[in-house]
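structure_9.csv (CSV, C-alpha atoms)
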chain,number,residue,atom,x,y,z
F,1,MET,CA,9.3,26.8,20.8
F,2,SER,CA,9.4,26.4,17.0
F,3,PRO,CA,6.6,27.4,14.8
F,4,THR,CA,4.2,24.7,13.6
F,5,ASN,CA,4.4,23.8,9.9
F,6,PRO,CA,0.9,24.1,8.6
F,7,ALA,CA,1.4,21.7,5.7
F,8,GLU,CA,2.6,19.0,8.1
F,9,THR,CA,-0.3,19.7,10.4
F,10,GLU,CA,-2.8,19.4,7.6
F,11,LEU,CA,-1.2,16.2,6.3
F,12,ASP,CA,-1.2,14.7,9.8
F,13,ARG,CA,-4.9,15.6,10.1
F,14,ILE,CA,-5.8,14.0,6.7
F,15,LYS,CA,-3.8,10.8,7.6
F,16,ALA,CA,-5.5,10.5,10.9
F,17,ARG,CA,-9.0,10.9,9.3
F,18,LEU,CA,-8.3,8.3,6.6
F,19,SER,CA,-6.8,5.7,9.0
F,20,SER,CA,-9.4,6.2,11.8
F,21,GLY,CA,-11.6,3.3,10.7
F,22,GLU,CA,-14.5,5.6,10.1
F,23,LEU,CA,-16.3,6.2,6.9
F,24,TYR,CA,-14.9,9.0,4.7
F,25,SER,CA,-15.9,10.4,1.3
F,26,ALA,CA,-13.5,9.2,-1.4
F,27,THR,CA,-14.5,12.3,-3.4
F,28,ASP,CA,-13.7,14.8,-0.7
F,29,PRO,CA,-12.0,17.8,-2.4
F,30,GLU,CA,-9.6,18.0,0.5
F,31,LEU,CA,-8.0,14.8,-0.7
F,32,THR,CA,-7.5,16.0,-4.3
F,33,PRO,CA,-4.1,17.8,-3.8
F,34,TYR,CA,-2.6,14.7,-2.2
F,35,ARG,CA,-3.9,12.4,-5.0
F,36,LEU,CA,-2.6,14.8,-7.7
F,37,ARG,CA,0.8,15.0,-6.1
F,38,CYS,CA,0.9,11.2,-6.0
F,39,MET,CA,-0.2,10.9,-9.7
F,40,ASP,CA,2.5,13.3,-10.7
F,41,LEU,CA,5.3,11.4,-8.9
F,42,LEU,CA,4.0,8.1,-10.2
F,43,ASP,CA,4.0,9.4,-13.8
F,44,LYS,CA,7.7,10.4,-13.4
F,45,PHE,CA,8.6,7.2,-11.5
F,46,ASN,CA,6.9,4.9,-14.0
F,47,SER,CA,8.5,6.6,-17.0
F,48,THR,CA,12.1,6.3,-15.8
F,49,GLY,CA,14.4,4.2,-17.9
F,50,MET,CA,14.7,0.6,-16.8
F,51,THR,CA,18.4,1.1,-15.9
F,52,ASP,CA,17.9,4.5,-14.2
F,53,PHE,CA,17.9,3.2,-10.7
F,54,ALA,CA,19.1,6.5,-9.2
F,55,ALA,CA,16.2,8.5,-10.6
F,56,ARG,CA,13.7,5.9,-9.4
F,57,GLU,CA,15.3,5.8,-5.9
F,58,THR,CA,15.0,9.6,-5.6
F,59,LEU,CA,11.4,9.6,-6.8
F,60,LEU,CA,10.4,6.7,-4.6
F,61,GLY,CA,11.8,8.6,-1.6
F,62,ASP,CA,9.6,11.6,-2.5
F,63,LEU,CA,6.6,9.4,-3.1
F,64,VAL,CA,6.3,7.0,-0.1
F,65,GLY,CA,6.5,7.5,3.6
F,66,ARG,CA,9.7,5.5,4.1
F,67,VAL,CA,12.1,3.2,2.2
F,68,GLY,CA,14.7,1.4,4.1
F,69,PRO,CA,18.3,0.9,2.8
F,70,GLY,CA,18.5,-1.4,-0.1
F,71,GLY,CA,14.7,-1.4,-0.7
F,72,TRP,CA,13.5,-0.8,-4.2
F,73,VAL,CA,10.3,-0.8,-6.4
F,74,MET,CA,10.1,-1.6,-10.1
F,75,PRO,CA,7.7,0.2,-12.5
F,76,ARG,CA,4.9,0.1,-13.2
F,77,PHE,CA,3.9,0.9,-9.6
F,78,LEU,CA,0.6,2.4,-8.6
F,79,CYS,CA,-0.7,3.8,-5.3
F,80,GLU,CA,-3.3,6.3,-4.2
F,81,PHE,CA,-1.4,8.7,-1.8
F,82,GLY,CA,2.0,7.2,-1.2
F,83,PHE,CA,2.5,8.8,2.2
F,84,PHE,CA,1.1,5.8,4.0
F,85,ILE,CA,3.5,3.3,2.5
F,86,GLU,CA,6.6,2.1,4.5
F,87,LEU,CA,9.1,-0.3,3.0
F,88,GLY,CA,11.6,-2.0,5.2
F,89,ALA,CA,15.3,-2.4,4.4
F,90,GLY,CA,16.1,-4.8,1.6
F,91,THR,CA,12.4,-5.1,0.5
F,92,LYS,CA,12.0,-5.7,-3.2
F,93,VAL,CA,8.7,-4.8,-5.0
F,94,ASN,CA,8.6,-6.3,-8.5
F,95,PHE,CA,6.8,-5.1,-11.7
F,96,ASP,CA,3.1,-4.0,-11.8
F,97,VAL,CA,2.3,-3.8,-8.1
F,98,THR,CA,-0.6,-1.8,-6.8
F,99,MET,CA,-0.8,-0.5,-3.2
F,100,LEU,CA,-4.1,1.2,-2.5
F,101,ASP,CA,-2.9,3.1,0.6
F,102,CYS,CA,-5.8,4.9,2.2
F,103,ALA,CA,-4.5,3.6,5.5
F,104,PRO,CA,-0.9,2.5,6.4
F,105,ILE,CA,0.8,-0.2,4.4
F,106,VAL,CA,3.7,-1.3,6.5
F,107,ILE,CA,6.1,-3.8,4.9
F,108,GLY,CA,8.9,-5.3,6.9
F,109,GLU,CA,12.5,-6.0,6.0
F,110,ASP,CA,13.7,-8.3,3.2
F,111,VAL,CA,10.2,-8.9,1.9
F,112,LEU,CA,9.8,-10.1,-1.7
F,113,ILE,CA,6.6,-8.9,-3.5
F,114,ALA,CA,6.2,-10.6,-6.9
F,115,PRO,CA,4.7,-9.0,-10.0
F,116,HIS,CA,1.0,-8.1,-10.2
F,117,CYS,CA,0.5,-8.2,-6.4
F,118,ARG,CA,-2.3,-6.0,-5.0
F,119,LEU,CA,-2.4,-4.6,-1.4
F,120,TYR,CA,-5.6,-2.9,-0.6
F,121,THR,CA,-6.5,-0.9,2.5
F,122,ALA,CA,-9.7,0.7,1.2
F,123,ASN,CA,-13.1,-0.9,1.2
F,124,HIS,CA,-16.6,0.2,0.4
F,125,PRO,CA,-19.7,-0.3,2.6
F,126,PHE,CA,-22.2,-3.0,1.7
F,127,ASP,CA,-25.0,-0.3,1.5
F,128,PRO,CA,-25.5,0.4,-2.2
F,129,GLY,CA,-26.4,4.1,-1.6
F,130,LEU,CA,-23.2,4.7,0.4
F,131,ARG,CA,-21.2,3.0,-2.4
F,132,ARG,CA,-22.8,5.0,-5.1
F,133,ASP,CA,-21.9,8.2,-3.1
F,134,MET,CA,-18.3,7.0,-2.9
F,135,TRP,CA,-18.0,6.4,0.8
F,136,GLU,CA,-15.1,4.3,1.9
F,137,ILE,CA,-13.5,2.9,5.0
F,138,ALA,CA,-9.8,1.9,5.3
F,139,ALA,CA,-7.9,-0.6,7.5
F,140,PRO,CA,-4.1,-1.0,7.5
F,141,VAL,CA,-2.1,-3.8,5.9
F,142,THR,CA,1.0,-5.2,7.7
F,143,VAL,CA,3.5,-7.6,6.1
F,144,GLY,CA,6.2,-9.0,8.4
F,145,ASP,CA,9.9,-9.4,7.8
F,146,ARG,CA,11.1,-11.9,5.2
F,147,VAL,CA,7.6,-12.6,3.8
F,148,TRP,CA,7.3,-13.7,0.2
F,149,LEU,CA,4.1,-12.8,-1.7
F,150,GLY,CA,4.0,-14.8,-4.9
F,151,GLY,CA,2.8,-13.5,-8.3
F,152,GLY,CA,-0.6,-12.0,-8.3
F,153,VAL,CA,-1.3,-12.2,-4.6
F,154,THR,CA,-4.1,-9.9,-3.3
F,155,VAL,CA,-4.1,-8.7,0.3
F,156,LEU,CA,-7.3,-7.3,1.6
F,157,PRO,CA,-7.9,-4.4,4.1
F,158,GLY,CA,-7.0,-5.0,7.7
F,159,VAL,CA,-4.8,-8.1,7.1
F,160,SER,CA,-1.5,-8.8,8.9
F,161,ILE,CA,0.9,-11.4,7.5
F,162,GLY,CA,3.4,-12.8,10.0
F,163,ALA,CA,7.2,-12.9,9.5
F,164,GLU,CA,8.7,-15.5,7.2
F,165,THR,CA,5.3,-16.5,5.7
F,166,VAL,CA,5.0,-17.5,2.1
F,167,VAL,CA,1.8,-16.8,0.2
F,168,GLY,CA,1.4,-18.8,-3.0
F,169,ALA,CA,0.8,-17.2,-6.4
F,170,GLY,CA,-2.7,-16.0,-7.1
F,171,SER,CA,-3.8,-16.3,-3.5
F,172,VAL,CA,-6.3,-13.8,-1.9
F,173,VAL,CA,-5.5,-13.1,1.7
F,174,THR,CA,-8.7,-12.2,3.5
F,175,LYS,CA,-7.6,-12.9,7.1
F,176,ASP,CA,-4.4,-12.6,9.2
F,177,LEU,CA,-1.7,-15.2,8.6
F,178,PRO,CA,0.6,-16.4,11.3
F,179,PRO,CA,4.4,-16.4,11.0
F,180,LYS,CA,6.3,-19.1,9.2
F,181,VAL,CA,3.5,-20.8,7.2
F,182,LEU,CA,2.8,-21.5,3.6
F,183,ALA,CA,-0.7,-20.2,2.6
F,184,VAL,CA,-2.4,-20.7,-0.7
F,185,GLY,CA,-5.8,-20.3,-2.3
F,186,ASN,CA,-8.8,-18.1,-2.5
F,187,PRO,CA,-9.3,-17.4,0.3
F,188,ALA,CA,-5.7,-18.1,1.4
F,189,ARG,CA,-5.5,-21.0,3.8
F,190,VAL,CA,-2.5,-22.3,5.8
F,191,ILE,CA,-1.4,-25.6,4.3
F,192,ARG,CA,1.7,-26.2,6.4
F,193,GLU,CA,4.3,-24.7,8.7
F,194,LEU,CA,7.7,-23.6,7.3
Target encoding C-alpha coordinates, full file:
Amino acid sequence: MSPTNPAETELDRIKARLSSGELYSATDPELTPYRLRCMDLLDKFNSTGMTDFAARETLLGDLVGRVGPGGWVMPRFLCEFGFFIELGAGTKVNFDVTMLDCAPIVIGEDVLIAPHCRLYTANHPFDPGLRRDMWEIAAPVTVGDRVWLGGGVTVLPGVSIGAETVVGAGSVVTKDLPPKVLAVGNPARVIREL
(Lines of atoms letter the chains of each structure in order from A and count residues from 1; the text may use other names and numbers.)
(Lines give C-alpha, C1' and ligand atoms only; values in the text may rest on other atoms or scores of the structure.)
Protein backbone atom coordinates (compact mmCIF):
# COMPACT_ATOMS: atom_id res chain seq x y z
CA MET A 1 0.00 0.00 0.00
CA SER A 2 1.45 3.36 -1.01
CA PRO A 3 1.48 6.29 1.42
CA THR A 4 -1.20 8.96 1.00
CA ASN A 5 -0.04 12.28 -0.38
CA PRO A 6 -1.29 14.86 2.20
CA ALA A 7 -1.33 17.70 -0.36
CA GLU A 8 -3.58 15.72 -2.72
CA THR A 9 -5.84 14.71 0.14
CA GLU A 10 -6.16 18.33 1.27
CA LEU A 11 -6.88 19.55 -2.26
CA ASP A 12 -9.46 16.82 -2.78
CA ARG A 13 -11.17 17.85 0.46
CA ILE A 14 -11.20 21.54 -0.57
CA LYS A 15 -12.56 20.70 -4.02
CA ALA A 16 -15.30 18.51 -2.55
CA ARG A 17 -16.35 21.25 -0.13
CA LEU A 18 -16.48 23.99 -2.79
CA SER A 19 -18.44 21.86 -5.28
CA SER A 20 -20.84 20.36 -2.71
CA GLY A 21 -23.63 22.84 -3.44
CA GLU A 22 -23.49 24.03 0.18
CA LEU A 23 -22.68 27.53 1.39
CA TYR A 24 -19.01 28.21 2.07
CA SER A 25 -17.11 31.28 3.22
CA ALA A 26 -15.31 32.96 0.33
CA THR A 27 -12.90 34.46 2.86
CA ASP A 28 -11.97 31.12 4.47
CA PRO A 29 -8.20 31.31 5.10
CA GLU A 30 -7.93 27.68 4.04
CA LEU A 31 -8.63 28.81 0.44
CA THR A 32 -5.92 31.49 0.42
CA PRO A 33 -2.95 29.32 -0.62
CA TYR A 34 -4.90 27.96 -3.60
CA ARG A 35 -5.91 31.46 -4.73
CA LEU A 36 -2.35 32.76 -4.31
CA ARG A 37 -0.97 29.86 -6.36
CA CYS A 38 -3.51 30.64 -9.09
CA MET A 39 -2.68 34.37 -9.04
CA ASP A 40 1.03 33.66 -9.37
CA LEU A 41 0.50 31.35 -12.34
CA LEU A 42 -1.92 33.82 -13.96
CA ASP A 43 0.60 36.65 -13.63
CA LYS A 44 3.20 34.51 -15.40
CA PHE A 45 0.74 33.23 -18.03
CA ASN A 46 -0.66 36.67 -18.84
CA SER A 47 2.80 38.26 -19.16
CA THR A 48 4.09 35.80 -21.76
CA GLY A 49 4.98 37.19 -25.16
CA MET A 50 2.21 36.85 -27.72
CA THR A 51 4.30 34.42 -29.77
CA ASP A 52 5.56 32.41 -26.76
CA PHE A 53 3.10 29.55 -27.22
CA ALA A 54 5.38 26.98 -25.56
CA ALA A 55 5.66 28.94 -22.29
CA ARG A 56 1.90 29.54 -22.20
CA GLU A 57 1.22 25.85 -22.85
CA THR A 58 3.44 24.83 -19.92
CA LEU A 59 1.94 27.42 -17.57
CA LEU A 60 -1.60 26.50 -18.60
CA GLY A 61 -0.85 22.84 -17.85
CA ASP A 62 0.24 23.86 -14.34
CA LEU A 63 -2.74 26.18 -13.86
CA VAL A 64 -5.80 24.19 -14.90
CA GLY A 65 -6.99 20.69 -14.13
CA ARG A 66 -6.76 19.40 -17.71
CA VAL A 67 -6.01 20.64 -21.22
CA GLY A 68 -6.63 18.23 -24.08
CA PRO A 69 -4.26 18.02 -27.05
CA GLY A 70 -4.44 21.05 -29.30
CA GLY A 71 -6.31 23.13 -26.72
CA TRP A 72 -5.10 26.64 -25.99
CA VAL A 73 -5.96 29.81 -24.10
CA MET A 74 -4.90 33.34 -25.03
CA PRO A 75 -4.07 36.02 -22.48
CA ARG A 76 -5.49 37.86 -20.65
CA PHE A 77 -7.08 34.91 -18.90
CA LEU A 78 -8.51 35.03 -15.38
CA CYS A 79 -9.76 32.34 -13.03
CA GLU A 80 -10.03 31.88 -9.26
CA PHE A 81 -8.45 28.50 -8.57
CA GLY A 82 -7.70 26.90 -11.94
CA PHE A 83 -7.84 23.32 -10.68
CA PHE A 84 -11.55 22.96 -11.49
CA ILE A 85 -11.14 23.86 -15.19
CA GLU A 86 -11.05 21.10 -17.82
CA LEU A 87 -10.55 21.99 -21.48
CA GLY A 88 -11.17 19.33 -24.12
CA ALA A 89 -8.96 18.59 -27.10
CA GLY A 90 -8.88 21.32 -29.71
CA THR A 91 -10.71 23.86 -27.54
CA LYS A 92 -9.75 27.47 -28.22
CA VAL A 93 -10.23 30.20 -25.59
CA ASN A 94 -9.70 33.67 -27.02
CA PHE A 95 -8.52 36.91 -25.37
CA ASP A 96 -9.84 38.30 -22.07
CA VAL A 97 -11.90 35.34 -20.85
CA THR A 98 -12.81 34.87 -17.17
CA MET A 99 -13.70 31.50 -15.66
CA LEU A 100 -14.78 31.85 -12.04
CA ASP A 101 -14.11 28.24 -11.08
CA CYS A 102 -15.36 27.63 -7.54
CA ALA A 103 -16.91 24.41 -8.91
CA PRO A 104 -16.03 22.39 -12.01
CA ILE A 105 -16.01 24.08 -15.41
CA VAL A 106 -15.90 21.26 -17.93
CA ILE A 107 -15.53 22.29 -21.56
CA GLY A 108 -15.76 19.69 -24.32
CA GLU A 109 -13.70 19.18 -27.44
CA ASP A 110 -13.34 21.66 -30.31
CA VAL A 111 -15.16 24.42 -28.43
CA LEU A 112 -14.67 28.04 -29.50
CA ILE A 113 -14.87 30.65 -26.76
CA ALA A 114 -14.73 34.18 -28.14
CA PRO A 115 -13.14 37.22 -26.45
CA HIS A 116 -14.62 38.64 -23.26
CA CYS A 117 -16.68 35.57 -22.35
CA ARG A 118 -17.44 34.92 -18.68
CA LEU A 119 -18.19 31.51 -17.16
CA TYR A 120 -19.29 31.76 -13.53
CA THR A 121 -19.78 28.92 -11.06
CA ALA A 122 -19.99 31.06 -7.91
CA ASN A 123 -23.10 32.79 -6.67
CA HIS A 124 -24.05 34.72 -3.55
CA PRO A 125 -27.16 34.18 -1.41
CA PHE A 126 -30.05 36.64 -1.64
CA ASP A 127 -29.82 37.35 2.10
CA PRO A 128 -27.89 40.65 2.42
CA GLY A 129 -26.26 39.64 5.70
CA LEU A 130 -24.86 36.45 4.21
CA ARG A 131 -23.60 38.40 1.18
CA ARG A 132 -21.96 41.01 3.39
CA ASP A 133 -20.17 38.21 5.25
CA MET A 134 -18.95 36.82 1.88
CA TRP A 135 -20.83 33.52 1.84
CA GLU A 136 -21.03 31.83 -1.55
CA ILE A 137 -22.48 28.76 -3.18
CA ALA A 138 -21.14 27.20 -6.37
CA ALA A 139 -22.61 25.07 -9.14
CA PRO A 140 -20.75 23.55 -12.11
CA VAL A 141 -20.79 24.77 -15.70
CA THR A 142 -20.63 22.26 -18.55
CA VAL A 143 -20.09 23.13 -22.22
CA GLY A 144 -20.54 20.31 -24.75
CA ASP A 145 -18.36 19.41 -27.73
CA ARG A 146 -18.18 21.80 -30.70
CA VAL A 147 -20.05 24.63 -28.96
CA TRP A 148 -19.34 28.20 -30.03
CA LEU A 149 -19.75 30.98 -27.47
CA GLY A 150 -19.81 34.33 -29.28
CA GLY A 151 -18.06 37.44 -27.99
CA GLY A 152 -19.05 38.60 -24.54
CA VAL A 153 -21.27 35.63 -23.66
CA THR A 154 -21.92 35.14 -19.94
CA VAL A 155 -22.72 31.65 -18.59
CA LEU A 156 -24.22 31.54 -15.09
CA PRO A 157 -23.73 28.91 -12.35
CA GLY A 158 -25.23 25.46 -12.85
CA VAL A 159 -25.74 25.80 -16.61
CA SER A 160 -25.08 23.05 -19.19
CA ILE A 161 -24.83 23.83 -22.89
CA GLY A 162 -25.47 20.94 -25.27
CA ALA A 163 -23.07 19.84 -28.01
CA GLU A 164 -22.90 21.88 -31.23
CA THR A 165 -24.95 24.74 -29.84
CA VAL A 166 -24.10 28.33 -30.82
CA VAL A 167 -24.68 31.16 -28.34
CA GLY A 168 -24.84 34.60 -29.93
CA ALA A 169 -22.56 37.45 -28.91
CA GLY A 170 -23.55 39.29 -25.74
CA SER A 171 -26.01 36.63 -24.59
CA VAL A 172 -26.50 35.70 -20.93
CA VAL A 173 -27.11 31.98 -20.46
CA THR A 174 -29.22 31.53 -17.33
CA LYS A 175 -30.64 28.04 -18.03
CA ASP A 176 -29.50 24.83 -19.73
CA LEU A 177 -29.45 24.86 -23.53
CA PRO A 178 -30.07 21.71 -25.59
CA PRO A 179 -27.72 20.45 -28.30
CA LYS A 180 -27.67 21.85 -31.84
CA VAL A 181 -29.53 25.12 -31.32
CA LEU A 182 -28.87 28.82 -31.81
CA ALA A 183 -29.57 30.80 -28.64
CA VAL A 184 -29.37 34.58 -28.25
CA GLY A 185 -30.39 37.33 -25.87
CA ASN A 186 -30.57 38.20 -22.20
CA PRO A 187 -31.67 35.79 -20.97
CA ALA A 188 -30.55 33.55 -23.85
CA ARG A 189 -33.45 31.90 -25.67
CA VAL A 190 -33.41 29.26 -28.36
CA ILE A 191 -34.40 30.85 -31.65
CA ARG A 192 -33.88 27.85 -33.95
CA GLU A 193 -32.38 24.43 -34.34
CA LEU A 194 -29.11 23.99 -36.21
Tell me, counting only C-alpha atoms, for each residue of stretch 130-164 of chain F within 12 Å of stretch 9-17 of chain F, which pair of atoms is nearest and how far apart they are in Å to one decimal, in rows ordered by chain and increasing number, as CSV.
residue,atom,partner,partner_atom,distance
F:Glu136,CA,F:Arg17,CA,11.6
F:Ile137,CA,F:Arg17,CA,10.1
F:Ala138,CA,F:Arg17,CA,9.9
F:Ala139,CA,F:Arg17,CA,11.7
F:Pro140,CA,F:Lys15,CA,11.8
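Using only C-alpha atoms, the shortest contact distance between F:Met39 and any of F:Gly168, F:Gly61, F:Pro69, F:Gly82 is found at F:Gly82.
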Which of F:Leu18, F:Leu41, F:Leu36, F:Val173 sits closest to F:Pro104 [using only C-alpha atoms]: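 Among F:Leu18, F:Leu41, F:Leu36, F:Val173, it is F:Leu18 that comes nearest to F:Pro104.
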Residue contacts of F:Asp43 (12 Å, all atoms listed in the file) excluding same-chain residues fewer than 2 positions away, as a VMD selection string: chain F and resid 36 to 41 45 to 48 56 59 to 60 63 75 to 79
Interatomic distance (Å, one decimal) between atom CA of F:Val153 and atom CA of F:Arg66: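 Going from atom CA of F:Val153 over to atom CA of F:Arg66 covers 22.6 Å.
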Near-F:Ser160 list (7 Å; all atoms listed in the file; drop same-chain fewer than 6 positions) as a ChimeraX atom specification: /F:141-143,176-177
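Using all atoms listed in the file, the smallest distance between any of F:Arg146, F:Arg35, F:Lys44, F:Arg118 and F:Ala89 comes from F:Arg146.
Residues lying within 9 Å of F:Leu182, counting all atoms listed in the file and ignoring same-chain neighbours fewer than 4 positions away, are Thr165, Val166, Val167, Gly168, Arg189, Val190, Ile191, Arg192, Glu193 and Leu194 of chain F.
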Å distance separating atom CA of F:Val73 from atom CA of F:Ala114, one decimal place: 10.6 Å
